[in-house]
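Trainee: Handing over protein-v6.tsv, TSV, C-alpha atoms.
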```
chain	number	residue	atom	x	y	z
E	1	MET	CA	0.00	0.00	0.00
E	2	THR	CA	2.42	2.61	-1.11
E	3	SER	CA	0.86	4.37	-4.08
E	4	HIS	CA	-1.87	7.01	-4.46
E	5	PRO	CA	-5.35	5.66	-5.24
E	6	HIS	CA	-6.12	5.18	-8.92
E	7	THR	CA	-8.29	7.74	-10.63
E	8	ALA	CA	-11.25	6.56	-12.64
E	9	SER	CA	-9.27	6.94	-15.85
E	10	ASP	CA	-6.53	4.52	-14.84
E	11	ALA	CA	-8.66	2.02	-12.95
E	12	THR	CA	-8.31	-0.73	-15.54
E	13	PRO	CA	-9.17	-4.33	-14.76
E	14	HIS	CA	-6.42	-6.32	-13.12
E	15	PRO	CA	-5.67	-9.50	-15.08
E	16	ASP	CA	-6.26	-11.60	-11.98
E	17	LEU	CA	-9.73	-10.19	-11.39
E	18	GLU	CA	-12.90	-11.81	-12.63
E	19	ALA	CA	-14.13	-10.87	-16.07
E	20	THR	CA	-16.29	-7.77	-16.17
E	21	GLN	CA	-20.03	-8.40	-16.34
E	22	PRO	CA	-22.93	-5.95	-16.65
E	23	THR	CA	-23.38	-4.15	-13.34
E	24	THR	CA	-26.27	-2.08	-12.06
E	25	LYS	CA	-24.89	1.20	-10.72
E	26	SER	CA	-27.62	1.92	-8.21
E	27	ALA	CA	-30.78	0.42	-6.84
E	28	GLY	CA	-32.85	2.97	-8.69
E	29	GLN	CA	-31.58	2.12	-12.17
E	30	GLY	CA	-33.45	-1.03	-13.10
E	31	VAL	CA	-32.15	-3.59	-10.66
E	32	THR	CA	-32.26	-7.02	-12.27
E	33	SER	CA	-32.30	-10.43	-10.62
E	34	GLU	CA	-28.72	-10.83	-11.84
E	35	SER	CA	-27.59	-7.59	-10.19
E	36	THR	CA	-29.30	-8.38	-6.88
E	37	ASP	CA	-27.16	-11.51	-6.64
E	38	ARG	CA	-24.09	-9.31	-6.58
E	39	THR	CA	-22.58	-7.85	-3.41
E	40	SER	CA	-23.97	-4.33	-3.01
E	41	VAL	CA	-21.39	-1.76	-1.89
E	42	LEU	CA	-21.86	1.85	-0.77
E	43	VAL	CA	-18.74	4.00	-1.14
E	44	VAL	CA	-18.51	7.06	1.15
E	45	ASP	CA	-15.76	9.64	0.70
E	46	ASP	CA	-15.68	13.43	0.49
E	47	ASP	CA	-13.26	13.17	-2.46
E	48	SER	CA	-15.17	12.41	-5.67
E	49	TRP	CA	-12.00	11.13	-7.38
E	50	THR	CA	-11.63	8.50	-4.68
E	51	THR	CA	-15.23	7.35	-4.97
E	52	ARG	CA	-14.91	7.13	-8.76
E	53	ALA	CA	-11.69	5.12	-8.60
E	54	VAL	CA	-13.03	2.70	-5.99
E	55	ALA	CA	-16.35	2.32	-7.83
E	56	ALA	CA	-14.56	1.67	-11.13
E	57	ALA	CA	-12.29	-0.98	-9.61
E	58	LEU	CA	-15.19	-2.80	-7.99
E	59	THR	CA	-17.34	-2.59	-11.13
E	60	ASP	CA	-14.50	-3.98	-13.23
E	61	ALA	CA	-14.27	-6.95	-10.86
E	62	GLY	CA	-17.71	-8.02	-12.07
E	63	SER	CA	-19.13	-9.35	-8.81
E	64	PHE	CA	-20.26	-6.14	-7.10
E	65	ARG	CA	-23.23	-3.83	-7.46
E	66	VAL	CA	-21.85	-0.38	-6.65
E	67	LEU	CA	-24.48	2.03	-5.40
E	68	ASP	CA	-24.32	5.74	-6.17
E	69	PRO	CA	-21.49	7.06	-3.96
E	70	VAL	CA	-22.09	9.67	-1.28
E	71	HIS	CA	-19.75	12.28	0.15
E	72	SER	CA	-20.69	12.96	3.76
E	73	GLY	CA	-21.54	11.14	6.95
E	74	GLU	CA	-25.10	12.42	6.88
E	75	GLU	CA	-25.59	11.15	3.31
E	76	ALA	CA	-24.04	7.82	4.27
E	77	ILE	CA	-26.60	7.23	7.00
E	78	ALA	CA	-29.50	8.14	4.71
E	79	ALA	CA	-28.18	5.99	1.86
E	80	PHE	CA	-27.59	3.02	4.14
E	81	ASP	CA	-31.07	3.29	5.62
E	82	ALA	CA	-32.63	3.41	2.14
E	83	GLU	CA	-30.48	0.82	0.34
E	84	ARG	CA	-29.23	-1.53	3.11
E	85	PRO	CA	-26.04	-2.43	1.19
E	86	ASP	CA	-24.06	-5.57	1.99
E	87	LEU	CA	-20.97	-3.46	2.72
E	88	VAL	CA	-20.10	0.19	3.36
E	89	LEU	CA	-16.67	1.62	2.54
E	90	MET	CA	-16.46	4.60	4.90
E	91	ASP	CA	-13.95	7.44	4.80
E	92	VAL	CA	-12.84	8.19	8.36
E	93	ASN	CA	-12.55	11.97	8.10
E	94	MET	CA	-14.92	14.08	6.01
E	95	PRO	CA	-14.69	17.71	7.10
E	96	PRO	CA	-16.58	19.85	7.78
E	97	GLY	CA	-19.59	17.61	8.33
E	98	MET	CA	-20.17	14.41	10.26
E	99	SER	CA	-17.13	12.16	10.46
E	100	GLY	CA	-17.03	8.60	9.24
E	101	VAL	CA	-16.65	7.51	12.86
E	102	ASP	CA	-19.98	9.02	13.86
E	103	ALA	CA	-21.63	7.81	10.67
E	104	THR	CA	-20.37	4.27	11.36
E	105	ALA	CA	-21.82	4.40	14.88
E	106	ALA	CA	-25.17	5.60	13.52
E	107	ILE	CA	-25.24	2.86	10.87
E	108	MET	CA	-24.48	0.21	13.51
E	109	ASP	CA	-27.40	1.59	15.54
E	110	LEU	CA	-29.65	1.14	12.50
E	111	ASP	CA	-28.38	-2.38	11.90
E	112	PRO	CA	-26.01	-4.09	14.37
E	113	GLU	CA	-25.17	-6.63	11.64
E	114	ALA	CA	-24.03	-3.92	9.19
E	115	ARG	CA	-20.58	-4.41	7.67
E	116	VAL	CA	-18.43	-1.30	7.51
E	117	VAL	CA	-14.83	-1.04	6.32
E	118	LEU	CA	-12.93	2.16	7.08
E	119	LEU	CA	-11.10	3.97	4.27
E	120	THR	CA	-7.81	5.57	5.33
E	121	THR	CA	-5.05	7.56	3.71
E	122	VAL	CA	-1.46	6.40	3.05
E	123	SER	CA	-0.60	7.31	6.65
E	124	PRO	CA	-3.61	6.34	8.79
E	125	GLY	CA	-4.81	9.36	10.71
E	126	PRO	CA	-6.85	10.09	13.84
E	127	GLY	CA	-10.20	8.35	14.14
E	128	LEU	CA	-9.10	4.86	13.18
E	129	ALA	CA	-9.40	3.30	16.65
E	130	ARG	CA	-12.68	5.11	17.31
E	131	GLY	CA	-14.08	3.89	14.00
E	132	LEU	CA	-13.23	0.31	14.93
E	133	GLU	CA	-14.71	0.87	18.38
E	134	ALA	CA	-17.89	2.07	16.66
E	135	GLY	CA	-18.19	-1.29	14.92
E	136	ALA	CA	-16.14	-1.25	11.69
E	137	LEU	CA	-14.68	-4.68	10.96
E	138	ALA	CA	-11.63	-3.78	8.87
E	139	VAL	CA	-9.51	-0.99	7.41
E	140	LEU	CA	-8.70	-0.41	3.74
E	141	ASN	CA	-5.94	1.93	2.65
E	142	LYS	CA	-6.97	4.23	-0.20
E	143	ALA	CA	-3.57	3.59	-1.78
E	144	ALA	CA	-4.30	-0.12	-2.18
E	145	GLY	CA	-4.09	-1.52	-5.68
E	146	GLU	CA	-7.20	-2.86	-7.40
E	147	ARG	CA	-6.38	-6.49	-6.63
E	148	GLU	CA	-6.02	-5.83	-2.90
E	149	LEU	CA	-9.09	-3.57	-2.87
E	150	VAL	CA	-11.28	-6.25	-4.43
E	151	SER	CA	-9.84	-8.96	-2.19
E	152	ILE	CA	-10.54	-7.02	1.02
E	153	VAL	CA	-14.03	-5.94	-0.07
E	154	ARG	CA	-14.89	-9.49	-1.08
E	155	ALA	CA	-13.60	-10.91	2.22
E	156	ALA	CA	-15.29	-8.26	4.37
E	157	SER	CA	-18.64	-8.63	2.60
E	158	ALA	CA	-18.53	-12.33	3.52
E	159	GLY	CA	-18.07	-11.43	7.19
E	160	GLU	CA	-15.24	-10.84	9.59
E	161	SER	CA	-12.12	-12.98	9.37
E	162	PRO	CA	-8.68	-12.93	11.03
E	163	GLU	CA	-7.02	-12.25	7.68
E	164	LEU	CA	-8.65	-8.80	7.67
E	165	LEU	CA	-6.70	-7.97	10.83
E	166	LYS	CA	-3.28	-8.15	9.15
E	167	GLY	CA	-1.46	-4.87	9.78
E	168	LEU	CA	-4.40	-3.42	11.72
E	169	ALA	CA	-2.54	-2.99	15.03
E	170	GLU	CA	0.32	-1.31	13.17
E	171	ASP	CA	-2.10	1.04	11.40
E	172	ILE	CA	-3.65	2.04	14.73
E	173	ALA	CA	-0.20	2.71	16.19
E	174	ILE	CA	0.88	4.75	13.15
E	175	SER	CA	-2.30	6.83	13.27
E	176	GLY	CA	-1.33	8.22	16.66
E	177	ASP	CA	-5.00	7.95	17.51
E	178	HIS	CA	-5.89	8.11	21.16
E	179	LEU	CA	-7.37	4.75	22.07
E	180	PRO	CA	-10.90	4.97	23.45
E	181	ASP	CA	-11.29	3.95	27.07
E	182	ALA	CA	-11.57	0.21	27.56
E	183	PRO	CA	-15.00	-0.89	28.81
E	184	SER	CA	-13.65	-2.52	31.98
E	185	ALA	CA	-10.56	-3.59	33.85
E	186	ALA	CA	-8.20	-5.93	32.03
E	187	PRO	CA	-9.26	-9.57	32.50
E	188	GLN	CA	-6.84	-12.34	33.33
E	189	LEU	CA	-5.90	-14.35	30.26
E	190	THR	CA	-4.39	-17.81	30.23
E	191	ALA	CA	-1.17	-18.51	28.34
E	192	ARG	CA	-3.15	-20.23	25.57
E	193	GLU	CA	-5.55	-17.27	25.34
E	194	MET	CA	-2.61	-14.86	25.09
E	195	GLU	CA	-1.11	-16.97	22.32
E	196	LEU	CA	-4.40	-17.00	20.42
E	197	LEU	CA	-4.86	-13.25	20.88
E	198	THR	CA	-1.36	-12.58	19.56
E	199	LEU	CA	-1.91	-14.77	16.50
E	200	LEU	CA	-5.22	-13.07	15.76
E	201	CYS	CA	-3.69	-9.60	16.12
E	202	GLN	CA	-1.02	-10.65	13.64
E	203	GLY	CA	-3.68	-11.58	11.11
E	204	HIS	CA	-3.18	-15.34	11.05
E	205	GLY	CA	-6.18	-17.28	9.73
E	206	TYR	CA	-8.20	-19.77	11.74
E	207	GLU	CA	-6.85	-22.74	9.80
E	208	GLU	CA	-3.27	-21.56	10.24
E	209	ILE	CA	-3.81	-21.12	13.98
E	210	ALA	CA	-5.44	-24.54	14.29
E	211	ALA	CA	-2.41	-26.14	12.63
E	212	ALA	CA	0.02	-24.20	14.83
E	213	GLN	CA	-1.83	-25.19	18.00
E	214	SER	CA	-2.62	-28.75	16.85
E	215	VAL	CA	-6.33	-28.35	17.55
E	216	ALA	CA	-9.51	-28.57	15.50
E	217	LEU	CA	-10.66	-25.57	13.46
E	218	SER	CA	-13.93	-25.49	15.41
E	219	THR	CA	-11.93	-25.30	18.65
E	220	VAL	CA	-10.02	-22.24	17.48
E	221	LYS	CA	-13.23	-20.47	16.43
E	222	SER	CA	-14.85	-21.34	19.75
E	223	HIS	CA	-11.87	-20.01	21.70
E	224	ALA	CA	-11.86	-16.84	19.60
E	225	ARG	CA	-15.56	-16.28	20.40
E	226	ASN	CA	-14.86	-16.80	24.10
E	227	LEU	CA	-11.94	-14.36	23.89
E	228	ARG	CA	-14.20	-11.70	22.37
E	229	ILE	CA	-16.69	-12.19	25.19
E	230	LYS	CA	-13.95	-12.04	27.82
E	231	LEU	CA	-12.51	-8.82	26.38
E	232	GLY	CA	-15.87	-7.22	25.61
E	233	ALA	CA	-15.27	-7.04	21.85
E	234	ARG	CA	-18.16	-7.21	19.39
E	235	ASN	CA	-15.95	-8.39	16.52
E	236	LEU	CA	-12.37	-9.40	15.72
E	237	ALA	CA	-11.28	-5.87	14.80
E	238	GLN	CA	-12.47	-4.64	18.18
E	239	LEU	CA	-10.50	-7.49	19.71
E	240	VAL	CA	-7.34	-5.87	18.33
E	241	VAL	CA	-8.35	-2.56	19.90
E	242	ARG	CA	-8.89	-4.30	23.24
E	243	ALA	CA	-5.49	-6.01	22.97
E	244	LEU	CA	-3.86	-2.61	22.53
E	245	GLN	CA	-5.93	-0.96	25.24
E	246	PHE	CA	-5.03	-3.63	27.80
E	247	LYS	CA	-1.44	-3.80	26.49
E	248	PHE	CA	-1.81	-7.50	25.70
E	249	PHE	CA	-0.29	-6.89	22.28
E	250	SER	CA	2.18	-4.37	20.90
E	251	PRO	CA	2.96	-4.15	17.17
E	252	GLU	CA	6.65	-4.50	16.38
```
Represent the supplied structure as structure tokens.
Mentor:
Amino acid sequence: MTSHPHTASDATPHPDLEATQPTTKSAGQGVTSESTDRTSVLVVDDDSWTTRAVAAALTDAGSFRVLDPVHSGEEAIAAFDAERPDLVLMDVNMPPGMSGVDATAAIMDLDPEARVVLLTTVSPGPGLARGLEAGALAVLNKAAGERELVSIVRAASAGESPELLKGLAEDIAISGDHLPDAPSAAPQLTAREMELLTLLCQGHGYEEIAAAQSVALSTVKSHARNLRIKLGARNLAQLVVRALQFKFFSPE
């Protein structure tokens, strides 16, 4: 993630992406049964070039239905309430109006099962930790190439996964964001729980962890759920925030 986001003019299909298929741009433009099978995505960013580039990359991938983008937190809430997209890509900072953090919190109030991914700049800035605390399940750098963009959006739209946590702790540390107050005193974790928490914070997948710990995949998932409950985290991304808050994990 080292380059500036593509503009719409240079967002050409990546050879590894799926072949482009007809895509409905918004719910109001003749949604077909074919388009409703696609993952619907709402892109929110105050920069119209960013929304165009992201929309073009996702459209070229052929498996997404990109809704008309919006450019403020207030518009994001209204669009989500009207369209109920499968995934929201939310810019963290959108001056001078409502921030992406507050918009994420409002969307989670409308639908606790909503899936929101935060959009950040090359150097993640303030608001990242608060956006995750509000319920976002992953972070996507605006400088990501099309292949990575599509991969993260596809993974996030399917639900949370440890792979989405890769680099997340580092991004929070780089942002210099003040961590929100932890909901309670730090709980006591066993050595095995600490090991699992560290592996999750590093972005290792469930199958990889199961192999490393010589346990069943279902056991790892069960222990991860118990760890979320113990640390008061609603999702895996919030688990990383808790690990940093309680100083259970420190990115190298």
Trainee: What is the distance between atom CA of Ala173 of chain E and atom CA of Glu252 of chain E, in Å to one decimal?
Mentor: 9.9 Å
Trainee: So how many Å separate atom CA of Ala106 of chain E and atom CA of Leu239 of chain E, to one decimal?
Mentor: 20.6 Å
Trainee: Around all the atoms of segment 104-113 of chain E listed in the file, draw an axis-aligned box and extend it by 6 Å on each of the six sides; I want its centre and edge lengths in Å to one decimal, as AutoDock Vina command-line options.
Mentor:
```
--center_x -25.0 --center_y -0.5 --center_z 13.2 --size_x 21.3 --size_y 24.2 --size_z 16.7
```
Trainee: Taking only C-alpha atoms into account, which of E:Val41, E:Val101, E:Leu168, E:Ala53 comes nearest Ala144 of chain E?
Mentor: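 Result for the nearest residue to Ala144 of chain E: E:Ala53.
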Trainee: If I take atom CA of Ser161 of chain E and atom CA of Val92 of chain E, how far is one from the other in Å, to one decimal?
Mentor: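 Computing the Euclidean distance for atom CA of Ser161 of chain E and atom CA of Val92 of chain E yields 21.2 Å.
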Trainee: Return the single residue from E:Ser250, E:Ser72, E:Thr190, E:Ser151 that is closest to His223 of chain E, with distances computed using all atoms listed in the file.
Mentor: E:Thr190
Trainee: So, counting all atoms listed in the file, which residue among E:Val153, E:Ala129, E:Ala103, E:Ala78 is closest to Glu170 of chain E?
Mentor: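 Of E:Val153, E:Ala129, E:Ala103, E:Ala78, the one nearest Glu170 of chain E is E:Ala129, counting all atoms listed in the file.
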Trainee: With distances taken over all atoms listed in the file, which of E:Ile174, E:Ala138, E:Leu58, E:Ala210 is nearest to Gln238 of chain E?
Mentor: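 That would be E:Ala138, the residue with the smallest distance to Gln238 of chain E.
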Trainee: Looking at E:Ala186, E:Ile107, E:Ile172, E:Ala224, which one is nearest to Leu236 of chain E, with distances taken over only C-alpha atoms?
Mentor: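 Under the stated criterion, the closest residue is E:Ala224.
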Trainee: Quick one: everything within 9 Å of Phe249 of chain E, counting only C-alpha atoms, minus sequence neighbours fewer than 6 positions away in the same chain. Send it as number ranges by chain.
Mentor: E: 169, 194, 197-198, 201, 240, 243
Trainee: Please determine, counting all atoms listed in the file, which residue among E:Ala57, E:Ala134, E:Val70, E:Ala182 has the shortest atom-to-atom distance to Leu149 of chain E.
Mentor: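 Selected residue with least distance to Leu149 of chain E: E:Ala57.
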Trainee: Counting only C-alpha atoms, which residues sit no farther than 10 Å from the position (-18.5, 14.3, 8.3) in the file's frame? I'd like them as a ChimeraX atom specification.
Mentor: /E:45-46,71-76,91-103
Trainee: So that each row is one residue of segment 43-75 of chain E with an atom at most 9 Å from segment 81-89 of chain E, can you give its shortest atom pair and the distance in Å to one decimal, using only C-alpha atoms, rows by chain and rising number, as a Markdown table?
Mentor:
```
| residue | atom | partner | partner_atom | distance |
| --- | --- | --- | --- | --- |
| E:Val43 | CA | E:Leu89 | CA | 4.8 |
| E:Val44 | CA | E:Leu89 | CA | 5.9 |
| E:Asp45 | CA | E:Leu89 | CA | 8.3 |
| E:Leu67 | CA | E:Pro85 | CA | 8.1 |
```
Trainee: Here's a test: counting all atoms listed in the file, identify every protein, DNA and RNA residue with an atom at most 12 Å from (-13.9, -15.5, 25.4) in the file's coordinate frame, and state them as JSON, numbers by chain.
Mentor: {"E": [187, 188, 189, 190, 192, 193, 194, 196, 197, 220, 221, 222, 223, 224, 225, 226, 227, 228, 229, 230, 231, 232, 233, 234, 235, 236, 239]}
Trainee: Could you list, as a list in words, every residue within 8 Å of Thr104 of chain E, counting all atoms listed in the file and ignoring same-chain residues fewer than 5 positions away?
Mentor: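 In the requested format, the answer is Met90, Val116, Gly131, Ala134, Gly135 and Ala136 of chain E.
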